[in-house]
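my_file.cif, holding mmCIF, C-alpha atoms:
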```
data_protein
loop_
_atom_site.group_PDB
_atom_site.id
_atom_site.type_symbol
_atom_site.label_atom_id
_atom_site.label_comp_id
_atom_site.auth_asym_id
_atom_site.auth_seq_id
_atom_site.Cartn_x
_atom_site.Cartn_y
_atom_site.Cartn_z
ATOM 1 C CA MET A 1 0.000 0.000 0.000
ATOM 2 C CA ALA A 2 1.347 3.429 -0.932
ATOM 3 C CA ALA A 3 2.356 5.646 1.977
ATOM 4 C CA ALA A 4 -0.092 8.443 2.763
ATOM 5 C CA ARG A 5 1.065 11.880 1.715
ATOM 6 C CA SER A 6 1.801 14.300 4.527
ATOM 7 C CA PRO A 7 -0.272 17.511 4.859
ATOM 8 C CA ALA A 8 2.778 19.541 3.878
ATOM 9 C CA ARG A 9 3.241 17.444 0.738
ATOM 10 C CA LYS A 10 -0.431 17.864 -0.168
ATOM 11 C CA ASP A 11 -0.158 21.640 0.307
ATOM 12 C CA GLU A 12 2.894 21.801 -1.914
ATOM 13 C CA GLU A 13 1.174 19.824 -4.655
ATOM 14 C CA ALA A 14 -1.896 22.068 -4.419
ATOM 15 C CA TRP A 15 0.308 25.152 -4.630
ATOM 16 C CA ARG A 16 2.174 23.844 -7.685
ATOM 17 C CA GLU A 17 -1.124 23.222 -9.445
ATOM 18 C CA ALA A 18 -2.534 26.620 -8.444
ATOM 19 C CA ALA A 19 0.591 28.350 -9.720
ATOM 20 C CA THR A 20 -0.322 27.238 -13.272
ATOM 21 C CA TRP A 21 -3.806 28.767 -13.272
ATOM 22 C CA GLU A 22 -2.674 32.179 -14.461
ATOM 23 C CA ARG A 23 -1.368 30.603 -17.673
ATOM 24 C CA GLN A 24 -4.355 28.360 -18.352
ATOM 25 C CA PRO A 25 -7.265 29.388 -20.574
ATOM 26 C CA LEU A 26 -10.246 30.308 -18.464
ATOM 27 C CA ASP A 27 -13.277 28.034 -18.464
ATOM 28 C CA GLU A 28 -15.955 27.200 -15.908
ATOM 29 C CA ALA A 29 -13.952 24.335 -14.424
ATOM 30 C CA LEU A 30 -10.905 26.558 -13.844
ATOM 31 C CA ARG A 31 -13.066 29.321 -12.426
ATOM 32 C CA ALA A 32 -14.539 26.855 -9.949
ATOM 33 C CA ARG A 33 -11.077 25.644 -8.891
ATOM 34 C CA ILE A 34 -9.898 29.215 -8.358
ATOM 35 C CA ALA A 35 -12.984 30.060 -6.291
ATOM 36 C CA ALA A 36 -12.595 26.968 -4.121
ATOM 37 C CA ALA A 37 -8.893 27.673 -3.500
ATOM 38 C CA PHE A 38 -9.628 30.804 -1.477
ATOM 39 C CA ALA A 39 -10.689 28.532 1.365
ATOM 40 C CA HIS A 40 -7.491 26.472 1.256
ATOM 41 C CA ARG A 41 -5.440 26.269 4.440
ATOM 42 C CA SER A 42 -2.197 27.127 2.616
ATOM 43 C CA ASN A 43 -1.551 30.841 2.232
ATOM 44 C CA LEU A 44 0.518 30.121 -0.879
ATOM 45 C CA VAL A 45 -2.458 28.446 -2.552
ATOM 46 C CA VAL A 46 -4.625 31.436 -1.634
ATOM 47 C CA ALA A 47 -1.973 33.764 -3.078
ATOM 48 C CA ALA A 48 -1.853 31.783 -6.327
ATOM 49 C CA ALA A 49 -5.640 31.876 -6.573
ATOM 50 C CA ALA A 50 -5.600 35.641 -6.042
ATOM 51 C CA ARG A 51 -3.070 36.115 -8.832
ATOM 52 C CA ALA A 52 -5.140 33.916 -11.131
ATOM 53 C CA ALA A 53 -8.326 35.849 -10.318
ATOM 54 C CA ARG A 54 -6.504 39.086 -11.071
ATOM 55 C CA THR A 55 -5.060 37.813 -14.358
ATOM 56 C CA HIS A 56 -8.398 36.484 -15.577
ATOM 57 C CA GLY A 57 -10.363 39.519 -14.357
ATOM 58 C CA LEU A 58 -12.689 37.508 -12.125
ATOM 59 C CA ALA A 59 -14.464 40.376 -10.407
ATOM 60 C CA GLY A 60 -17.342 38.030 -9.630
ATOM 61 C CA LEU A 61 -15.085 36.311 -7.107
ATOM 62 C CA LEU A 62 -14.640 39.427 -4.972
ATOM 63 C CA PRO A 63 -16.732 37.972 -2.106
ATOM 64 C CA ALA A 64 -14.447 34.926 -1.982
ATOM 65 C CA LEU A 65 -11.350 37.137 -1.969
ATOM 66 C CA LEU A 66 -12.744 39.241 0.856
ATOM 67 C CA GLU A 67 -13.638 36.162 2.887
ATOM 68 C CA ALA A 68 -10.059 34.888 2.504
ATOM 69 C CA TRP A 69 -8.736 38.361 3.376
ATOM 70 C CA GLU A 70 -10.715 38.359 6.607
ATOM 71 C CA ARG A 71 -9.605 34.846 7.529
ATOM 72 C CA LEU A 72 -5.897 35.553 7.047
ATOM 73 C CA PHE A 73 -5.986 38.369 9.585
ATOM 74 C CA HIS A 74 -6.907 35.860 12.300
ATOM 75 C CA GLU A 75 -3.858 34.077 13.692
ATOM 76 C CA PRO A 76 -1.900 35.686 10.829
ATOM 77 C CA VAL A 77 1.533 34.295 11.690
ATOM 78 C CA ARG A 78 0.227 30.735 11.540
ATOM 79 C CA ARG A 79 -2.193 31.145 8.658
ATOM 80 C CA ASP A 80 -0.264 33.585 6.499
ATOM 81 C CA PRO A 81 3.479 33.613 7.154
ATOM 82 C CA ARG A 82 5.281 36.558 5.554
ATOM 83 C CA CYS A 83 1.890 37.987 4.503
ATOM 84 C CA GLU A 84 2.137 36.219 1.151
ATOM 85 C CA GLY A 85 -1.600 35.578 0.959
ATOM 86 C CA LYS A 86 -2.753 38.994 2.148
ATOM 87 C CA LEU A 87 -0.393 40.812 -0.208
ATOM 88 C CA ALA A 88 -1.603 38.857 -3.254
ATOM 89 C CA LEU A 89 -5.202 39.387 -2.166
ATOM 90 C CA ALA A 90 -4.639 43.133 -1.789
ATOM 91 C CA GLU A 91 -3.198 43.377 -5.281
ATOM 92 C CA ALA A 92 -6.067 41.368 -6.727
ATOM 93 C CA LEU A 93 -8.710 43.334 -4.850
ATOM 94 C CA ALA A 94 -7.267 46.615 -6.126
ATOM 95 C CA ALA A 95 -7.032 45.353 -9.701
ATOM 96 C CA LEU A 96 -10.601 44.026 -9.620
ATOM 97 C CA GLY A 97 -12.037 47.345 -8.453
ATOM 98 C CA HIS A 98 -12.676 46.802 -4.764
ATOM 99 C CA ALA A 99 -13.056 50.275 -3.283
ATOM 100 C CA SER A 100 -13.845 49.965 0.427
ATOM 101 C CA PRO A 101 -11.491 52.191 2.467
ATOM 102 C CA ALA A 102 -12.019 49.926 5.485
ATOM 103 C CA THR A 103 -10.312 47.054 3.668
ATOM 104 C CA TRP A 104 -7.257 49.111 2.786
ATOM 105 C CA LEU A 105 -7.036 50.724 6.220
ATOM 106 C CA ARG A 106 -6.919 47.311 7.806
ATOM 107 C CA GLY A 107 -3.928 46.458 5.656
ATOM 108 C CA VAL A 108 -2.243 49.807 6.256
ATOM 109 C CA ARG A 109 -2.438 49.294 10.018
ATOM 110 C CA HIS A 110 -1.387 45.655 10.071
ATOM 111 C CA VAL A 111 1.885 44.736 11.769
ATOM 112 C CA GLN A 112 2.922 41.084 11.685
ATOM 113 C CA ALA A 113 5.788 40.241 14.010
ATOM 114 C CA GLU A 114 7.158 36.808 13.107
ATOM 115 C CA PRO A 115 9.825 34.974 15.069
ATOM 116 C CA VAL A 116 13.355 35.016 13.658
ATOM 117 C CA TRP A 117 16.701 34.143 15.137
ATOM 118 C CA GLY A 118 17.271 36.473 18.065
ATOM 119 C CA GLY A 119 13.908 38.209 18.046
ATOM 120 C CA SER A 120 11.086 39.006 15.641
ATOM 121 C CA GLU A 121 10.609 40.573 12.215
ATOM 122 C CA ASP A 122 7.688 42.611 10.908
ATOM 123 C CA THR A 123 6.717 40.985 7.606
ATOM 124 C CA ALA A 124 3.757 43.242 6.764
ATOM 125 C CA GLY A 125 5.685 46.205 5.362
ATOM 126 C CA ARG A 126 4.900 45.578 1.699
ATOM 127 C CA LEU A 127 1.252 45.022 2.574
ATOM 128 C CA ARG A 128 1.020 48.375 4.352
ATOM 129 C CA VAL A 129 2.472 50.217 1.358
ATOM 130 C CA ARG A 130 0.289 48.372 -1.167
ATOM 131 C CA CYS A 131 -2.870 49.159 0.771
ATOM 132 C CA ALA A 132 -1.902 52.822 1.089
ATOM 133 C CA GLU A 133 -1.307 52.872 -2.656
ATOM 134 C CA ALA A 134 -4.795 51.459 -3.221
ATOM 135 C CA LEU A 135 -6.315 54.122 -0.978
ATOM 136 C CA ALA A 136 -4.480 56.867 -2.824
ATOM 137 C CA GLY A 137 -5.256 55.440 -6.249
ATOM 138 C CA GLN A 138 -8.961 55.439 -5.459
ATOM 139 C CA GLY A 139 -8.871 59.056 -4.314
ATOM 140 C CA SER A 140 -9.802 58.295 -0.732
ATOM 141 C CA GLY A 141 -9.228 61.076 1.766
ATOM 142 C CA GLU A 142 -8.095 58.369 4.186
ATOM 143 C CA ALA A 143 -4.914 58.035 2.115
ATOM 144 C CA TRP A 144 -3.323 61.192 3.513
ATOM 145 C CA PRO A 145 -3.189 60.266 7.209
ATOM 146 C CA ALA A 146 -2.242 56.712 6.211
ATOM 147 C CA LEU A 147 0.689 57.912 4.114
ATOM 148 C CA ALA A 148 1.750 60.382 6.799
ATOM 149 C CA ASP A 149 1.899 57.505 9.268
ATOM 150 C CA LEU A 150 3.865 55.316 6.864
ATOM 151 C CA LEU A 151 6.435 58.065 6.329
ATOM 152 C CA ALA A 152 7.287 57.537 10.014
ATOM 153 C CA ASP A 153 7.056 53.737 9.891
ATOM 154 C CA PRO A 154 9.785 51.820 11.753
ATOM 155 C CA LEU A 155 10.680 49.928 8.555
ATOM 156 C CA PRO A 156 12.892 51.901 6.132
ATOM 157 C CA THR A 157 11.379 50.091 3.152
ATOM 158 C CA VAL A 158 7.924 51.257 4.195
ATOM 159 C CA ARG A 159 9.058 54.870 4.539
ATOM 160 C CA ALA A 160 10.595 54.695 1.072
ATOM 161 C CA GLY A 161 7.475 53.028 -0.335
ATOM 162 C CA ALA A 162 5.215 55.702 1.113
ATOM 163 C CA ALA A 163 7.391 58.354 -0.525
ATOM 164 C CA GLN A 164 7.024 56.609 -3.883
ATOM 165 C CA VAL A 165 3.249 56.526 -3.528
ATOM 166 C CA LEU A 166 3.226 60.260 -2.761
ATOM 167 C CA ALA A 167 5.371 60.875 -5.834
ATOM 168 C CA GLN A 168 2.726 59.134 -7.945
ATOM 169 C CA VAL A 169 -0.111 61.088 -6.353
ATOM 170 C CA GLY A 170 1.569 64.499 -6.554
ATOM 171 C CA GLY A 171 -0.101 67.749 -5.620
ATOM 172 C CA GLU A 172 0.285 70.169 -2.751
ATOM 173 C CA ARG A 173 -0.480 67.744 0.083
ATOM 174 C CA ALA A 174 2.026 65.200 -1.222
ATOM 175 C CA GLU A 175 4.588 67.978 -1.567
ATOM 176 C CA LEU A 176 4.110 69.133 2.020
ATOM 177 C CA LEU A 177 4.424 65.637 3.466
ATOM 178 C CA LEU A 178 7.570 64.953 1.460
ATOM 179 C CA ARG A 179 9.139 68.292 2.346
ATOM 180 C CA LEU A 180 8.643 67.491 6.008
ATOM 181 C CA ARG A 181 10.060 63.963 5.593
ATOM 182 C CA LEU A 182 13.112 65.369 3.794
ATOM 183 C CA ARG A 183 13.655 68.032 6.478
ATOM 184 C CA ILE A 184 13.531 65.434 9.228
ATOM 185 C CA GLY A 185 16.343 63.488 7.593
ATOM 186 C CA GLU A 186 17.589 59.954 8.128
ATOM 187 C CA PRO A 187 20.551 59.991 10.503
ATOM 188 C CA GLU A 188 20.974 56.205 10.356
ATOM 189 C CA ARG A 189 19.842 55.523 6.768
ATOM 190 C CA GLY A 190 21.163 58.400 4.695
ATOM 191 C CA GLU A 191 20.509 56.597 1.414
ATOM 192 C CA LEU A 192 16.767 56.973 2.024
ATOM 193 C CA VAL A 193 17.161 60.719 1.629
ATOM 194 C CA GLY A 194 17.505 60.037 -2.074
ATOM 195 C CA ASP A 195 14.103 58.338 -2.126
ATOM 196 C CA TYR A 196 12.510 61.318 -0.405
ATOM 197 C CA ALA A 197 14.284 63.843 -2.624
ATOM 198 C CA SER A 198 13.346 62.020 -5.825
ATOM 199 C CA ALA A 199 9.748 61.697 -4.670
ATOM 200 C CA LEU A 200 9.585 65.399 -3.824
ATOM 201 C CA VAL A 201 10.926 66.379 -7.246
ATOM 202 C CA ALA A 202 8.395 64.065 -8.914
ATOM 203 C CA ALA A 203 5.517 65.413 -6.826
ATOM 204 C CA ALA A 204 6.331 69.130 -6.879
ATOM 205 C CA GLY A 205 8.524 69.668 -9.933
ATOM 206 C CA GLU A 206 10.486 72.904 -10.065
ATOM 207 C CA ARG A 207 9.237 74.083 -6.672
ATOM 208 C CA ALA A 208 11.151 71.232 -5.057
ATOM 209 C CA LEU A 209 14.534 72.075 -6.569
ATOM 210 C CA PRO A 210 15.750 74.667 -4.015
ATOM 211 C CA VAL A 211 14.754 72.404 -1.117
ATOM 212 C CA VAL A 212 16.599 69.406 -2.535
ATOM 213 C CA ALA A 213 19.573 71.550 -3.576
ATOM 214 C CA GLU A 214 20.212 72.499 0.055
ATOM 215 C CA LEU A 215 21.601 69.006 0.542
ATOM 216 C CA LEU A 216 24.278 69.635 -2.096
ATOM 217 C CA ALA A 217 26.017 72.043 0.245
ATOM 218 C CA GLY A 218 25.912 69.703 3.237
ATOM 219 C CA HIS A 219 28.677 67.577 4.699
ATOM 220 C CA ASP A 220 27.070 64.159 4.203
ATOM 221 C CA PRO A 221 28.397 62.613 0.955
ATOM 222 C CA VAL A 222 25.540 60.100 0.706
ATOM 223 C CA GLU A 223 22.922 62.836 1.001
ATOM 224 C CA ALA A 224 24.788 65.136 -1.382
ATOM 225 C CA ASP A 225 24.961 62.483 -4.091
ATOM 226 C CA ALA A 226 21.324 61.493 -3.515
ATOM 227 C CA ALA A 227 20.260 65.116 -3.915
ATOM 228 C CA ALA A 228 22.318 65.498 -7.091
ATOM 229 C CA LEU A 229 20.703 62.464 -8.709
ATOM 230 C CA ALA A 230 17.244 63.644 -7.646
ATOM 231 C CA LEU A 231 17.880 67.002 -9.302
ATOM 232 C CA GLY A 232 19.056 65.210 -12.421
ATOM 233 C CA GLU A 233 15.759 63.335 -12.574
ATOM 234 C CA HIS A 234 13.969 66.665 -13.035
ATOM 235 C CA ARG A 235 15.361 66.717 -16.601
ATOM 236 C CA GLY A 236 14.873 70.463 -16.789
ATOM 237 C CA ALA A 237 17.300 73.318 -17.282
ATOM 238 C CA ALA A 238 16.244 74.819 -13.934
ATOM 239 C CA ALA A 239 18.083 72.044 -12.095
ATOM 240 C CA LEU A 240 21.320 72.835 -13.910
ATOM 241 C CA THR A 241 21.807 76.047 -11.919
ATOM 242 C CA PHE A 242 22.115 74.064 -8.692
ATOM 243 C CA LEU A 243 24.182 71.219 -10.117
ATOM 244 C CA GLU A 244 26.615 73.531 -11.867
ATOM 245 C CA ALA A 245 27.102 75.539 -8.668
ATOM 246 C CA ALA A 246 27.906 72.300 -6.829
ATOM 247 C CA TRP A 247 30.363 71.250 -9.556
ATOM 248 C CA ARG A 248 32.234 74.532 -9.284
ATOM 249 C CA GLN A 249 32.443 74.163 -5.505
ATOM 250 C CA PRO A 250 35.876 72.640 -4.792
ATOM 251 C CA LEU A 251 34.779 71.051 -1.507
ATOM 252 C CA TYR A 252 31.640 69.292 -2.745
ATOM 253 C CA ALA A 253 31.050 66.549 -0.164
ATOM 254 C CA GLY A 254 29.822 63.882 -2.564
ATOM 255 C CA ASP A 255 31.377 61.918 -5.400
ATOM 256 C CA ARG A 256 32.097 64.269 -8.280
ATOM 257 C CA LEU A 257 31.551 61.450 -10.772
ATOM 258 C CA THR A 258 28.030 61.053 -9.409
ATOM 259 C CA LEU A 259 27.554 64.787 -9.804
ATOM 260 C CA LEU A 260 28.581 64.516 -13.469
ATOM 261 C CA ALA A 261 26.124 61.656 -13.954
ATOM 262 C CA ALA A 262 23.355 63.848 -12.529
ATOM 263 C CA ILE A 263 24.292 66.701 -14.868
ATOM 264 C CA ALA A 264 24.233 64.276 -17.801
ATOM 265 C CA GLN A 265 20.663 63.249 -16.934
ATOM 266 C CA LEU A 266 19.408 66.764 -17.692
ATOM 267 C CA ARG A 267 20.080 66.435 -21.437
ATOM 268 C CA CYS A 268 19.727 70.161 -21.986
ATOM 269 C CA ALA A 269 22.040 72.437 -23.971
ATOM 270 C CA GLY A 270 23.536 73.948 -20.832
ATOM 271 C CA ALA A 271 24.363 70.514 -19.453
ATOM 272 C CA ALA A 272 26.111 69.555 -22.688
ATOM 273 C CA ALA A 273 28.142 72.775 -22.581
ATOM 274 C CA LEU A 274 29.261 72.061 -19.017
ATOM 275 C CA LEU A 275 30.208 68.488 -19.895
ATOM 276 C CA LEU A 276 32.286 69.768 -22.816
ATOM 277 C CA GLU A 277 34.060 72.098 -20.422
ATOM 278 C CA VAL A 278 34.791 69.199 -18.076
ATOM 279 C CA LEU A 279 36.044 67.044 -20.941
ATOM 280 C CA ALA A 280 38.541 69.701 -21.978
ATOM 281 C CA ASP A 281 40.096 70.060 -18.537
ATOM 282 C CA ALA A 282 39.447 67.140 -16.164
ATOM 283 C CA THR A 283 40.960 64.010 -14.699
ATOM 284 C CA ALA A 284 40.775 60.793 -16.686
ATOM 285 C CA ASP A 285 37.852 59.457 -14.635
ATOM 286 C CA GLN A 286 35.947 62.716 -14.921
ATOM 287 C CA ALA A 287 36.598 62.848 -18.677
ATOM 288 C CA ARG A 288 35.140 59.368 -19.105
ATOM 289 C CA ALA A 289 32.107 60.359 -17.042
ATOM 290 C CA ALA A 290 31.665 63.506 -19.144
ATOM 291 C CA LEU A 291 31.895 61.473 -22.339
ATOM 292 C CA ALA A 292 29.260 59.059 -21.057
ATOM 293 C CA GLY A 293 26.932 62.033 -20.659
ATOM 294 C CA LEU A 294 27.879 63.592 -23.971
ATOM 295 C CA ARG A 295 27.020 60.379 -25.804
ATOM 296 C CA LEU A 296 23.398 61.199 -24.950
ATOM 297 C CA HIS A 297 23.753 64.284 -27.185
ATOM 298 C CA ARG A 298 25.131 62.576 -30.302
ATOM 299 C CA ASP A 299 22.044 63.671 -32.206
ATOM 300 C CA ARG A 300 23.172 67.303 -31.858
ATOM 301 C CA PRO A 301 25.804 68.258 -34.472
ATOM 302 C CA GLU A 302 27.247 71.112 -32.396
ATOM 303 C CA VAL A 303 27.908 68.794 -29.457
ATOM 304 C CA VAL A 304 29.504 66.152 -31.667
ATOM 305 C CA ALA A 305 31.706 68.809 -33.253
ATOM 306 C CA GLY A 306 32.756 70.074 -29.832
ATOM 307 C CA VAL A 307 33.721 66.618 -28.607
ATOM 308 C CA GLU A 308 35.640 65.815 -31.799
ATOM 309 C CA ARG A 309 37.579 69.068 -31.511
ATOM 310 C CA ILE A 310 38.594 68.424 -27.896
ATOM 311 C CA LEU A 311 39.604 64.838 -28.637
ATOM 312 C CA ALA A 312 41.679 65.974 -31.595
ATOM 313 C CA GLU A 313 43.473 68.626 -29.547
ATOM 314 C CA SER A 314 44.487 66.110 -26.864
ATOM 315 C CA PRO A 315 44.636 62.638 -28.451
ATOM 316 C CA ASP A 316 43.952 59.805 -26.046
ATOM 317 C CA PRO A 317 42.993 56.308 -27.298
ATOM 318 C CA ALA A 318 40.989 55.518 -24.156
ATOM 319 C CA ARG A 319 38.894 58.690 -24.424
ATOM 320 C CA ASP A 320 38.413 58.125 -28.139
ATOM 321 C CA ARG A 321 37.113 54.584 -27.517
ATOM 322 C CA ALA A 322 34.842 55.848 -24.748
ATOM 323 C CA TRP A 323 33.302 58.390 -27.122
ATOM 324 C CA ARG A 324 32.785 55.994 -30.013
ATOM 325 C CA GLU A 325 31.420 53.009 -28.089
ATOM 326 C CA PRO A 326 27.717 52.362 -28.715
ATOM 327 C CA GLY A 327 25.032 53.398 -26.276
#
```

Give the structure from the file, written as structure tokens.
Amino acid sequence: MAAARSPARKDEEAWREAATWERQPLDEALRARIAAAFAHRSNLVVAAAARAARTHGLAGLLPALLEAWERLFHEPVRRDPRCEGKLALAEALAALGHASPATWLRGVRHVQAEPVWGGSEDTAGRLRVRCAEALAGQGSGEAWPALADLLADPLPTVRAGAAQVLAQVGGERAELLLRLRLRIGEPERGELVGDYASALVAAAGERALPVVAELLAGHDPVEADAAALALGEHRGAAALTFLEAAWRQPLYAGDRLTLLAAIAQLRCAGAAALLLEVLADATADQARAALAGLRLHRDRPEVVAGVERILAESPDPARDRAWREPG
């Protein structure tokens, strides 16, 4: 007699089958299997069913998704380790048009401390951000206090995710929240300043440039480089004023190669002129960085002529190869 399969083995087999449903053509039999899977004890099977419902646009299954959502909040560490099921359900609910703020607020407020070696780990960070994104995407006024709370979340990834959501939303309220977050700073995670600065530039445009540019004159190299790259993402000539001033400052705290990369992102005539100036009188590393930026302007005859003239005046095989390489 064949040995009975263990519950874990049965769950794994069910999950492997459910993982194929997204790729299968939809018929009534598949729809029924997807609907039934929302009651499965394995959170991975529930997650696979949610992805399949989303892919196939099964809005008629919203009651089943919501029932599974409710169940996975009870004894969540046991029933839904790492929030895999709830996260997939949240994404499916949003895609299928579920619009109840109460659902999203429950996800935004959920903290799931799971045991790890030496303590516990909150595994609900991605869920909190995704639910806040759903609130914001549906225009709910509840999104603003939720996002304000997430900007102060203990998890750095959640703070960064909230900033990204605010960048997508834009507008005056998003700008104010991001300005405050940027002013507060990140004494232990300076790289997150770049996320806040980029989000502020995306949300507020040119109004954000002077605020972000203040970081260029600071003493923290990580923050200075993050601010430079955020200004470069603006892609407008207005940002060049701040980046050029930082370049001409001998004691710029950040990496000057990063500063050149930010200038290159602008792709405006003034940026090309500054890069030509750097190419004519710079260290080898800086010249290569300038050439990388100038390659973005190879559709402009005057820039090409300027580069060719400088290379001819000071022949250097390495610089010549860097200029002529594709890309």

Taking the file as shown, what set of residues would the PyMOL selection byres ((chain A and resi 194-207) around 9) give back, as JSON, numbers by chain?
{"A": [159, 160, 161, 163, 164, 165, 166, 167, 168, 169, 170, 171, 172, 174, 175, 176, 177, 178, 179, 181, 182, 190, 191, 192, 193, 208, 209, 210, 211, 212, 222, 223, 224, 225, 226, 227, 228, 229, 230, 231, 233, 234, 236, 238, 239]}

One number please: CA of Ala272 in chain A to CA of Trp247 in chain A, in Å, one decimal.
13.9 Å

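Using all atoms listed in the file, the nearest neighbour of Leu266 in chain A within the list A:Ala90, A:Ala47, A:Leu240, A:Val158 is A:Leu240.
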
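For the pair CA of Ala53 in chain A and CA of Thr103 in chain A, the separation is 18.0 Å.
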
Which residues come within 12 Å of Leu294 in chain A, counting all atoms listed in the file, excluding same-chain residues fewer than 4 positions away, as a ChimeraX atom specification?
/A:260-261,263-279,287-290,298-308,322-325,327

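The smallest atom-to-atom distance between Gly85 in chain A and any of A:Ala39, A:Ala99, A:Ser140, A:Gly232, using all atoms listed in the file, is found for A:Ala39.
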
Determine the residue membership of the PyMOL selection byres ((chain A and resi 102) around 12) for the file above and supply it as an NGL selection string.
:A and (66 or 70 or 98-101 or 103-109 or 131-132 or 134-135 or 140 or 142-143 or 146)

Between CA of Ala213 in chain A and CA of Pro156 in chain A, what is the distance in Å, rounded to a tenth?
22.9 Å

For Thr157 in chain A, which residue out of A:Ser42, A:Thr123, A:Thr241, A:Gln112 is the nearest one, using only C-alpha atoms?
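Looking only at the distances to Thr157 in chain A, the closest residue turns out to be A:Thr123.
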
So for range 280-290 of chain A, what box centre and size do we get, axis-aligned, 6 Å extra on each of the six sides, every listed atom, Å to one decimal, as AutoDock Vina command-line options?
```
--center_x 36.3 --center_y 64.7 --center_z -18.3 --size_x 21.3 --size_y 22.7 --size_z 19.3
```

Best match for closeness to Ala217 in chain A among A:Leu243, A:Ala19, A:Leu96, A:Ala253, counting all atoms listed in the file:
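Closest residue, counting all atoms listed in the file: A:Ala253.
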
Using all atoms listed in the file, find the one residue out of A:Leu150, A:Thr283, A:Arg79, A:His219 that sits nearest to Leu127 in chain A.
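Going through A:Leu150, A:Thr283, A:Arg79, A:His219 one by one, the smallest distance to Leu127 in chain A is for A:Leu150.
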
Show me the residues close to (10.9, 52.1, 13.5) - anything with an atom within 12 Å, counting all atoms listed in the file - and format the list as a compact mmCIF listing (two decimals) with C-alpha atoms, in the coordinates of the input.
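Result file result18.txt:
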```
# COMPACT_ATOMS: atom_id res chain seq x y z
CA VAL A 111 1.88 44.74 11.77
CA GLU A 121 10.61 40.57 12.22
CA ASP A 122 7.69 42.61 10.91
CA GLY A 125 5.68 46.20 5.36
CA ASP A 149 1.90 57.50 9.27
CA LEU A 150 3.86 55.32 6.86
CA LEU A 151 6.44 58.06 6.33
CA ALA A 152 7.29 57.54 10.01
CA ASP A 153 7.06 53.74 9.89
CA PRO A 154 9.78 51.82 11.75
CA LEU A 155 10.68 49.93 8.56
CA PRO A 156 12.89 51.90 6.13
CA THR A 157 11.38 50.09 3.15
CA VAL A 158 7.92 51.26 4.20
CA ARG A 159 9.06 54.87 4.54
CA GLU A 186 17.59 59.95 8.13
CA GLU A 188 20.97 56.20 10.36
CA ARG A 189 19.84 55.52 6.77
```
